[in-house]
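A.B. asks: So here's model08.cif, just mmCIF, N, CA and C atoms:
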```cif
data_start
#
loop_
_atom_site.label_atom_id
_atom_site.label_comp_id
_atom_site.auth_asym_id
_atom_site.auth_seq_id
_atom_site.Cartn_x
_atom_site.Cartn_y
_atom_site.Cartn_z
N ASN A 2 5.72 4.74 -11.68
CA ASN A 2 4.86 5.12 -12.77
C ASN A 2 5.47 6.34 -13.47
N ALA A 3 5.82 6.19 -14.70
CA ALA A 3 6.50 7.25 -15.46
C ALA A 3 5.63 8.49 -15.62
N LYS A 4 4.31 8.32 -15.83
CA LYS A 4 3.43 9.47 -15.99
C LYS A 4 3.36 10.30 -14.71
N LEU A 5 3.29 9.61 -13.58
CA LEU A 5 3.23 10.31 -12.30
C LEU A 5 4.51 11.09 -12.05
N VAL A 6 5.65 10.49 -12.34
CA VAL A 6 6.93 11.17 -12.16
C VAL A 6 7.02 12.37 -13.08
N SER A 7 6.61 12.21 -14.34
CA SER A 7 6.63 13.33 -15.29
C SER A 7 5.73 14.46 -14.82
N PHE A 8 4.53 14.11 -14.37
CA PHE A 8 3.59 15.13 -13.90
C PHE A 8 4.20 15.88 -12.72
N ARG A 9 4.78 15.15 -11.78
CA ARG A 9 5.39 15.78 -10.59
C ARG A 9 6.53 16.71 -11.00
N ASN A 10 7.34 16.30 -11.96
CA ASN A 10 8.46 17.13 -12.40
C ASN A 10 7.99 18.38 -13.14
N GLU A 11 6.91 18.24 -13.89
CA GLU A 11 6.39 19.38 -14.65
C GLU A 11 5.58 20.34 -13.78
N HIS A 12 5.02 19.84 -12.69
CA HIS A 12 4.14 20.66 -11.85
C HIS A 12 4.61 20.62 -10.40
N ALA A 13 5.87 20.87 -10.20
CA ALA A 13 6.44 20.85 -8.84
C ALA A 13 5.86 21.99 -8.02
N PRO A 14 5.82 21.82 -6.70
CA PRO A 14 5.33 22.92 -5.85
C PRO A 14 6.27 24.13 -5.94
N THR A 15 5.69 25.29 -5.71
CA THR A 15 6.52 26.49 -5.70
C THR A 15 7.42 26.45 -4.47
N GLU A 16 8.42 27.33 -4.43
CA GLU A 16 9.31 27.39 -3.27
C GLU A 16 8.51 27.69 -2.01
N PHE A 17 7.53 28.59 -2.14
CA PHE A 17 6.70 28.96 -0.99
C PHE A 17 5.92 27.74 -0.48
N GLU A 18 5.29 27.00 -1.40
CA GLU A 18 4.55 25.81 -0.99
C GLU A 18 5.48 24.77 -0.37
N ALA A 19 6.62 24.56 -1.00
CA ALA A 19 7.58 23.57 -0.52
C ALA A 19 8.09 23.92 0.87
N SER A 20 8.24 25.21 1.16
CA SER A 20 8.75 25.61 2.47
C SER A 20 7.78 25.26 3.59
N LYS A 21 6.50 25.09 3.27
CA LYS A 21 5.49 24.75 4.27
C LYS A 21 5.32 23.24 4.46
N MET A 22 5.90 22.47 3.55
CA MET A 22 5.74 21.02 3.61
C MET A 22 6.66 20.42 4.67
N ARG A 23 6.11 19.46 5.40
CA ARG A 23 6.92 18.75 6.37
C ARG A 23 7.75 17.69 5.66
N LEU A 24 8.99 17.55 6.05
CA LEU A 24 9.82 16.49 5.50
C LEU A 24 9.36 15.15 6.05
N ILE A 25 9.36 14.15 5.23
CA ILE A 25 9.01 12.80 5.66
C ILE A 25 10.29 12.11 6.08
N LYS A 26 10.25 11.53 7.27
CA LYS A 26 11.44 10.87 7.81
C LYS A 26 11.78 9.65 6.96
N GLU A 27 13.06 9.43 6.78
CA GLU A 27 13.56 8.28 6.02
C GLU A 27 14.25 7.32 6.98
N LEU A 28 13.80 6.07 6.98
CA LEU A 28 14.38 5.03 7.82
C LEU A 28 14.98 3.96 6.93
N ARG A 29 15.85 3.15 7.49
CA ARG A 29 16.50 2.09 6.71
C ARG A 29 16.41 0.77 7.46
N TRP A 30 15.97 -0.26 6.74
CA TRP A 30 15.93 -1.62 7.27
C TRP A 30 17.31 -2.24 7.11
N PRO A 31 17.86 -2.96 8.03
CA PRO A 31 17.36 -3.34 9.36
C PRO A 31 17.82 -2.40 10.48
N GLN A 32 18.60 -1.38 10.15
CA GLN A 32 19.17 -0.50 11.18
C GLN A 32 18.09 0.13 12.07
N ASP A 33 16.95 0.50 11.48
CA ASP A 33 15.90 1.21 12.21
C ASP A 33 14.69 0.32 12.49
N GLU A 34 14.91 -0.96 12.67
CA GLU A 34 13.83 -1.94 12.78
C GLU A 34 12.76 -1.55 13.81
N MET A 35 13.16 -1.17 15.01
CA MET A 35 12.18 -0.88 16.06
C MET A 35 11.32 0.33 15.71
N GLU A 36 11.92 1.36 15.15
CA GLU A 36 11.13 2.53 14.77
C GLU A 36 10.22 2.21 13.58
N ILE A 37 10.68 1.39 12.67
CA ILE A 37 9.83 0.98 11.54
C ILE A 37 8.60 0.25 12.06
N LEU A 38 8.79 -0.66 13.00
CA LEU A 38 7.66 -1.38 13.59
C LEU A 38 6.67 -0.42 14.24
N ARG A 39 7.16 0.62 14.86
CA ARG A 39 6.26 1.62 15.46
C ARG A 39 5.43 2.31 14.39
N HIS A 40 6.00 2.54 13.20
CA HIS A 40 5.26 3.17 12.11
C HIS A 40 4.29 2.19 11.46
N VAL A 41 4.65 0.93 11.40
CA VAL A 41 3.81 -0.06 10.73
C VAL A 41 2.64 -0.49 11.60
N ALA A 42 2.88 -0.73 12.87
CA ALA A 42 1.83 -1.31 13.70
C ALA A 42 1.76 -0.71 15.10
N GLY A 43 2.45 0.37 15.35
CA GLY A 43 2.50 0.91 16.70
C GLY A 43 1.96 2.32 16.80
N ASP A 44 2.50 3.05 17.75
CA ASP A 44 2.01 4.38 18.07
C ASP A 44 2.28 5.42 16.97
N LEU A 45 3.14 5.12 16.02
CA LEU A 45 3.43 6.06 14.92
C LEU A 45 2.77 5.67 13.60
N ARG A 46 1.79 4.76 13.64
CA ARG A 46 1.21 4.26 12.38
C ARG A 46 0.50 5.33 11.56
N GLN A 47 0.18 6.47 12.15
CA GLN A 47 -0.46 7.56 11.40
C GLN A 47 0.57 8.56 10.86
N VAL A 48 1.85 8.31 11.10
CA VAL A 48 2.90 9.23 10.69
C VAL A 48 3.60 8.66 9.45
N PRO A 49 3.60 9.41 8.32
CA PRO A 49 4.24 8.91 7.11
C PRO A 49 5.74 8.71 7.30
N VAL A 50 6.27 7.72 6.61
CA VAL A 50 7.70 7.43 6.68
C VAL A 50 8.11 6.73 5.39
N VAL A 51 9.34 6.94 4.96
CA VAL A 51 9.90 6.21 3.83
C VAL A 51 10.86 5.19 4.42
N VAL A 52 10.69 3.92 4.02
CA VAL A 52 11.58 2.87 4.50
C VAL A 52 12.43 2.38 3.34
N ARG A 53 13.71 2.58 3.46
CA ARG A 53 14.66 2.12 2.44
C ARG A 53 15.03 0.67 2.74
N ASN A 54 15.24 -0.10 1.70
CA ASN A 54 15.62 -1.51 1.82
C ASN A 54 14.50 -2.34 2.45
N ALA A 55 13.25 -1.89 2.34
CA ALA A 55 12.12 -2.57 2.98
C ALA A 55 11.93 -3.99 2.45
N LEU A 56 12.18 -4.20 1.17
CA LEU A 56 12.00 -5.54 0.61
C LEU A 56 12.84 -6.57 1.35
N ALA A 57 14.00 -6.16 1.83
CA ALA A 57 14.87 -7.10 2.56
C ALA A 57 14.24 -7.57 3.86
N SER A 58 13.19 -6.88 4.32
CA SER A 58 12.53 -7.25 5.57
C SER A 58 11.44 -8.29 5.36
N THR A 59 11.18 -8.65 4.11
CA THR A 59 10.05 -9.54 3.81
C THR A 59 10.53 -10.91 3.35
N CYS A 60 9.57 -11.79 3.24
CA CYS A 60 9.87 -13.12 2.72
C CYS A 60 10.15 -13.07 1.21
N PHE A 61 9.98 -11.89 0.59
CA PHE A 61 10.21 -11.75 -0.85
C PHE A 61 11.65 -11.37 -1.18
N ALA A 62 12.48 -11.14 -0.17
CA ALA A 62 13.82 -10.59 -0.39
C ALA A 62 14.69 -11.43 -1.32
N GLU A 63 14.63 -12.72 -1.19
CA GLU A 63 15.50 -13.59 -1.98
C GLU A 63 14.81 -14.20 -3.21
N LYS A 64 13.62 -13.71 -3.53
CA LYS A 64 12.86 -14.27 -4.64
C LYS A 64 13.43 -13.84 -5.98
N LYS A 65 13.29 -14.71 -6.94
CA LYS A 65 13.68 -14.41 -8.31
C LYS A 65 12.47 -13.85 -9.04
N PRO A 66 12.67 -13.15 -10.17
CA PRO A 66 11.54 -12.61 -10.92
C PRO A 66 10.51 -13.70 -11.23
N GLY A 67 9.25 -13.40 -10.96
CA GLY A 67 8.16 -14.35 -11.22
C GLY A 67 7.80 -15.23 -10.04
N GLU A 68 8.70 -15.41 -9.09
CA GLU A 68 8.42 -16.29 -7.95
C GLU A 68 7.34 -15.71 -7.03
N VAL A 69 7.32 -14.40 -6.86
CA VAL A 69 6.32 -13.79 -5.98
C VAL A 69 4.93 -13.99 -6.58
N LEU A 70 4.81 -13.81 -7.90
CA LEU A 70 3.51 -13.98 -8.55
C LEU A 70 2.96 -15.38 -8.32
N LYS A 71 3.83 -16.38 -8.24
CA LYS A 71 3.39 -17.75 -7.99
C LYS A 71 2.75 -17.90 -6.61
N GLU A 72 3.10 -17.00 -5.69
CA GLU A 72 2.57 -17.07 -4.33
C GLU A 72 1.24 -16.34 -4.16
N VAL A 73 0.82 -15.58 -5.16
CA VAL A 73 -0.41 -14.81 -5.04
C VAL A 73 -1.63 -15.68 -4.75
N PRO A 74 -1.84 -16.83 -5.43
CA PRO A 74 -3.02 -17.63 -5.10
C PRO A 74 -3.08 -18.03 -3.62
N THR A 75 -1.97 -18.39 -3.04
CA THR A 75 -1.95 -18.76 -1.63
C THR A 75 -2.27 -17.55 -0.76
N LEU A 76 -1.70 -16.40 -1.11
CA LEU A 76 -1.94 -15.18 -0.36
C LEU A 76 -3.41 -14.77 -0.42
N LEU A 77 -4.04 -14.95 -1.59
CA LEU A 77 -5.44 -14.56 -1.75
C LEU A 77 -6.39 -15.42 -0.93
N LYS A 78 -5.94 -16.56 -0.44
CA LYS A 78 -6.77 -17.37 0.45
C LYS A 78 -6.80 -16.78 1.85
N LYS A 79 -5.81 -15.93 2.19
CA LYS A 79 -5.68 -15.40 3.54
C LYS A 79 -6.09 -13.94 3.67
N VAL A 80 -5.96 -13.18 2.60
CA VAL A 80 -6.18 -11.74 2.70
C VAL A 80 -7.15 -11.28 1.62
N PRO A 81 -7.80 -10.13 1.84
CA PRO A 81 -8.75 -9.63 0.83
C PRO A 81 -8.04 -9.04 -0.38
N LEU A 82 -8.78 -8.95 -1.46
CA LEU A 82 -8.31 -8.34 -2.69
C LEU A 82 -8.82 -6.90 -2.70
N LEU A 83 -7.99 -5.97 -3.06
CA LEU A 83 -8.37 -4.56 -3.08
C LEU A 83 -8.48 -4.09 -4.51
N LYS A 84 -9.59 -3.42 -4.81
CA LYS A 84 -9.74 -2.78 -6.11
C LYS A 84 -9.55 -1.29 -5.88
N ALA A 85 -8.60 -0.69 -6.57
CA ALA A 85 -8.34 0.75 -6.46
C ALA A 85 -8.68 1.41 -7.79
N MET A 86 -9.66 2.29 -7.77
CA MET A 86 -10.11 2.93 -9.00
C MET A 86 -9.22 4.10 -9.41
N ARG A 87 -8.37 4.55 -8.50
CA ARG A 87 -7.40 5.59 -8.82
C ARG A 87 -6.04 5.11 -8.38
N GLU A 88 -5.07 5.22 -9.25
CA GLU A 88 -3.73 4.75 -8.94
C GLU A 88 -3.15 5.49 -7.74
N ASN A 89 -2.49 4.73 -6.89
CA ASN A 89 -1.81 5.29 -5.72
C ASN A 89 -2.74 6.00 -4.76
N GLN A 90 -4.02 5.66 -4.79
CA GLN A 90 -4.94 6.30 -3.86
C GLN A 90 -5.77 5.26 -3.15
N PHE A 91 -5.52 5.11 -1.88
CA PHE A 91 -6.35 4.26 -1.05
C PHE A 91 -6.49 4.90 0.31
N VAL A 92 -7.71 5.07 0.74
CA VAL A 92 -7.99 5.61 2.06
C VAL A 92 -8.81 4.57 2.79
N TRP A 93 -8.35 4.18 3.97
CA TRP A 93 -9.06 3.17 4.74
C TRP A 93 -10.28 3.81 5.39
N HIS A 94 -11.41 3.11 5.31
CA HIS A 94 -12.65 3.55 5.93
C HIS A 94 -13.15 2.44 6.83
N PRO A 95 -13.49 2.75 8.08
CA PRO A 95 -14.03 1.70 8.96
C PRO A 95 -15.29 1.11 8.33
N PRO A 96 -15.39 -0.22 8.26
CA PRO A 96 -16.53 -0.84 7.59
C PRO A 96 -17.87 -0.52 8.24
N GLU A 97 -17.86 -0.21 9.54
CA GLU A 97 -19.12 0.05 10.23
C GLU A 97 -19.63 1.48 10.03
N LYS A 98 -18.83 2.34 9.43
CA LYS A 98 -19.24 3.73 9.21
C LYS A 98 -19.45 4.00 7.73
N MET A 99 -20.47 4.77 7.44
CA MET A 99 -20.72 5.17 6.06
C MET A 99 -19.96 6.47 5.79
N PRO A 100 -19.43 6.63 4.56
CA PRO A 100 -18.74 7.89 4.25
C PRO A 100 -19.74 9.05 4.28
N PRO A 101 -19.26 10.27 4.48
CA PRO A 101 -20.15 11.44 4.48
C PRO A 101 -20.84 11.61 3.13
N GLU A 102 -21.97 12.26 3.13
CA GLU A 102 -22.73 12.49 1.90
C GLU A 102 -21.88 13.26 0.90
N GLY A 103 -21.90 12.83 -0.36
CA GLY A 103 -21.14 13.48 -1.40
C GLY A 103 -19.67 13.08 -1.46
N TYR A 104 -19.27 12.15 -0.60
CA TYR A 104 -17.88 11.69 -0.56
C TYR A 104 -17.74 10.48 -1.46
N THR A 105 -16.73 10.48 -2.31
CA THR A 105 -16.52 9.37 -3.24
C THR A 105 -15.38 8.50 -2.73
N VAL A 106 -15.64 7.21 -2.65
CA VAL A 106 -14.61 6.25 -2.26
C VAL A 106 -14.07 5.63 -3.55
N TYR A 107 -12.75 5.64 -3.70
CA TYR A 107 -12.14 5.15 -4.92
C TYR A 107 -11.49 3.79 -4.75
N SER A 108 -11.95 3.04 -3.80
CA SER A 108 -11.40 1.69 -3.60
C SER A 108 -12.46 0.83 -2.91
N GLU A 109 -12.34 -0.46 -3.09
CA GLU A 109 -13.25 -1.36 -2.37
C GLU A 109 -12.55 -2.70 -2.13
N TRP A 110 -12.87 -3.31 -0.99
CA TRP A 110 -12.30 -4.59 -0.60
C TRP A 110 -13.19 -5.72 -1.11
N HIS A 111 -12.57 -6.79 -1.55
CA HIS A 111 -13.30 -8.00 -1.94
C HIS A 111 -12.84 -9.12 -1.03
N ARG A 112 -13.72 -9.53 -0.15
CA ARG A 112 -13.40 -10.59 0.81
C ARG A 112 -14.15 -11.85 0.41
N ASN A 113 -13.66 -12.95 0.84
CA ASN A 113 -14.34 -14.24 0.66
C ASN A 113 -14.58 -14.63 -0.80
N LEU A 114 -13.69 -14.20 -1.69
CA LEU A 114 -13.79 -14.65 -3.08
C LEU A 114 -13.12 -16.01 -3.18
N ASP A 115 -13.65 -16.87 -4.03
CA ASP A 115 -12.92 -18.12 -4.24
C ASP A 115 -11.64 -17.79 -5.01
N THR A 116 -10.63 -18.59 -4.80
CA THR A 116 -9.30 -18.28 -5.33
C THR A 116 -9.30 -18.14 -6.85
N ALA A 117 -10.03 -18.98 -7.55
CA ALA A 117 -10.05 -18.92 -9.02
C ALA A 117 -10.61 -17.58 -9.50
N HIS A 118 -11.71 -17.14 -8.89
CA HIS A 118 -12.31 -15.87 -9.28
C HIS A 118 -11.39 -14.70 -8.93
N ALA A 119 -10.79 -14.73 -7.73
CA ALA A 119 -9.87 -13.68 -7.31
C ALA A 119 -8.67 -13.60 -8.25
N MET A 120 -8.13 -14.76 -8.65
CA MET A 120 -7.00 -14.77 -9.57
C MET A 120 -7.40 -14.24 -10.95
N HIS A 121 -8.61 -14.55 -11.39
CA HIS A 121 -9.10 -14.03 -12.66
C HIS A 121 -9.12 -12.50 -12.62
N LEU A 122 -9.67 -11.93 -11.55
CA LEU A 122 -9.69 -10.48 -11.40
C LEU A 122 -8.27 -9.91 -11.35
N PHE A 123 -7.44 -10.54 -10.55
CA PHE A 123 -6.06 -10.07 -10.37
C PHE A 123 -5.29 -10.09 -11.69
N ASN A 124 -5.43 -11.16 -12.46
CA ASN A 124 -4.67 -11.30 -13.71
C ASN A 124 -5.18 -10.43 -14.84
N ASN A 125 -6.47 -10.06 -14.81
CA ASN A 125 -7.07 -9.41 -15.96
C ASN A 125 -7.38 -7.93 -15.79
N ASN A 126 -7.19 -7.39 -14.60
CA ASN A 126 -7.53 -5.99 -14.39
C ASN A 126 -6.52 -5.36 -13.45
N PRO A 127 -5.73 -4.40 -13.92
CA PRO A 127 -4.71 -3.77 -13.07
C PRO A 127 -5.29 -3.13 -11.81
N GLN A 128 -6.58 -2.76 -11.83
CA GLN A 128 -7.18 -2.17 -10.64
C GLN A 128 -7.20 -3.16 -9.47
N TYR A 129 -7.09 -4.44 -9.76
CA TYR A 129 -7.12 -5.46 -8.72
C TYR A 129 -5.71 -5.98 -8.37
N GLN A 130 -4.70 -5.41 -8.96
CA GLN A 130 -3.35 -5.95 -8.73
C GLN A 130 -2.71 -5.35 -7.49
N ILE A 131 -3.52 -5.31 -6.45
CA ILE A 131 -3.12 -4.86 -5.13
C ILE A 131 -3.67 -5.90 -4.17
N ILE A 132 -2.89 -6.31 -3.20
CA ILE A 132 -3.40 -7.27 -2.23
C ILE A 132 -3.44 -6.60 -0.88
N GLY A 133 -4.58 -6.71 -0.21
CA GLY A 133 -4.76 -6.05 1.07
C GLY A 133 -4.25 -6.87 2.22
N GLY A 134 -4.31 -6.28 3.38
CA GLY A 134 -3.90 -6.96 4.59
C GLY A 134 -3.22 -6.03 5.56
N GLY A 135 -2.78 -4.89 5.03
CA GLY A 135 -2.25 -3.84 5.86
C GLY A 135 -1.13 -4.24 6.79
N HIS A 136 -1.13 -3.56 7.94
CA HIS A 136 -0.03 -3.74 8.88
C HIS A 136 -0.01 -5.14 9.46
N HIS A 137 -1.13 -5.87 9.44
CA HIS A 137 -1.14 -7.23 9.99
C HIS A 137 -0.20 -8.13 9.20
N ILE A 138 -0.23 -8.03 7.88
CA ILE A 138 0.63 -8.85 7.04
C ILE A 138 2.07 -8.32 7.11
N PHE A 139 2.22 -7.00 6.93
CA PHE A 139 3.56 -6.44 6.86
C PHE A 139 4.33 -6.69 8.16
N SER A 140 3.65 -6.52 9.29
CA SER A 140 4.36 -6.71 10.57
C SER A 140 4.76 -8.17 10.77
N ARG A 141 4.01 -9.11 10.20
CA ARG A 141 4.42 -10.52 10.29
C ARG A 141 5.61 -10.79 9.40
N LEU A 142 5.76 -10.01 8.33
CA LEU A 142 6.88 -10.21 7.43
C LEU A 142 8.17 -9.63 7.99
N LEU A 143 8.05 -8.65 8.87
CA LEU A 143 9.25 -8.01 9.42
C LEU A 143 10.00 -8.94 10.34
#
```
Turn this file's structure into structure tokens for me.
C.D. replies:
Amino acid sequence: NAKLVSFRNEHAPTEFEASKMRLIKELRWPQDEMEILRHVAGDLRQVPVVVRNALASTCFAEKKPGEVLKEVPTLLKKVPLLKAMRENQFVWHPPEKMPPEGYTVYSEWHRNLDTAHAMHLFNNNPQYQIIGGGHHIFSRLL
């Protein structure tokens, strides 16, 4: 997102703030496969990581432009659709717990939608152009 990059460049943290920030580990697929799996679905799943060449780990690696979009209807039969009201912001909340009073949730899951309705939402509103499934889907793709 060009606006996000511009904002970050114009409002970078000060040297003092940056000195307190933890570096995020960078891993590379397939060389670091076992450690990546630990971050995706194992004991390190709460630890941020950047995975380089991650697309090569998925069934999308050899796809041509537009081919992935053709698979969305099939995917929407298996996984929920996520609506994110703020770009790049999703926080998972256990469904059995209510958020604290005064807390605003900026995303919501849509489960059990018929495929036609889900595709209508997906095609017509960028807030829905995210597909959920989390580590369960990603770890199967690895």
A.B. asks: Name every residue that the PyMOL selection byres ((chain A and resi 28-44) around 7) selects in this structure, writing the answer as JSON, numbers by chain with chains first and numbers rising.
C.D. replies: {"A": [26, 27, 45, 46, 47, 48, 50, 51, 52, 53, 54, 55, 57, 58, 136, 137, 140]}
A.B. asks: Enter the distance from atom CA of A:Glu109 to atom CA of A:Ala3, in Å, rounded to one decimal.
C.D. replies: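 Calculated distance between atom CA of A:Glu109 and atom CA of A:Ala3 is 25.2 Å.
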A.B. asks: So that I can check the secondary structure, give me every residue of stretch 20-142 of chain A assigned strand (DSSP E) by backbone DSSP, as a PyMOL selection string.
C.D. replies: chain A and resi 26-29+50-53+82-85+108-111+131-132
A.B. asks: Using all atoms listed in the file, which of A:Glu102, A:Phe8, A:Thr59, A:Lys78 sits nearest A:Asp115?
C.D. replies: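 Among A:Glu102, A:Phe8, A:Thr59, A:Lys78, it is A:Lys78 that comes nearest to A:Asp115.
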A.B. asks: Would you give me, as a PyMOL selection string, the residues in stretch 16-141 of chain A that DSSP reads as helix (DSSP H, G or I)?
C.D. replies: chain A and resi 16-21+34-42+55-58+68-77+116-125+127-129+135-141
A.B. asks: Restricting the calculation to only C-alpha atoms: of A:Cys60, A:Glu16, A:Leu83, A:Arg9, which residue gets closest to A:Tyr129?
C.D. replies: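 Comparing A:Cys60, A:Glu16, A:Leu83, A:Arg9 against A:Tyr129, the winner is A:Leu83.
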A.B. asks: Please evaluate the PyMOL selection byres ((chain A and resi 112) around 7) against the structure above and give the resulting residues as a ChimeraX atom specification.
C.D. replies: /A:80-82,110-111,113-115
A.B. asks: Please compute the atom CA of A:Leu56-atom CA of A:Val69 distance, one decimal, in Å.
C.D. replies: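 A separation of 12.0 Å between them.
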A.B. asks: Quick one, how far is atom N of A:Ala117 from atom C of A:Gln130?
C.D. replies: 15.5 Å
A.B. asks: So for stretch 61-70 of chain A, what box centre and size do we get, axis-aligned, 4 Å extra on each of the six sides, every listed atom, Å to one decimal, as JSON?
C.D. replies:
```
{"center_x": 9.2, "center_y": -13.4, "center_z": -5.3, "size_x": 20.5, "size_y": 13.7, "size_z": 19.8}
```
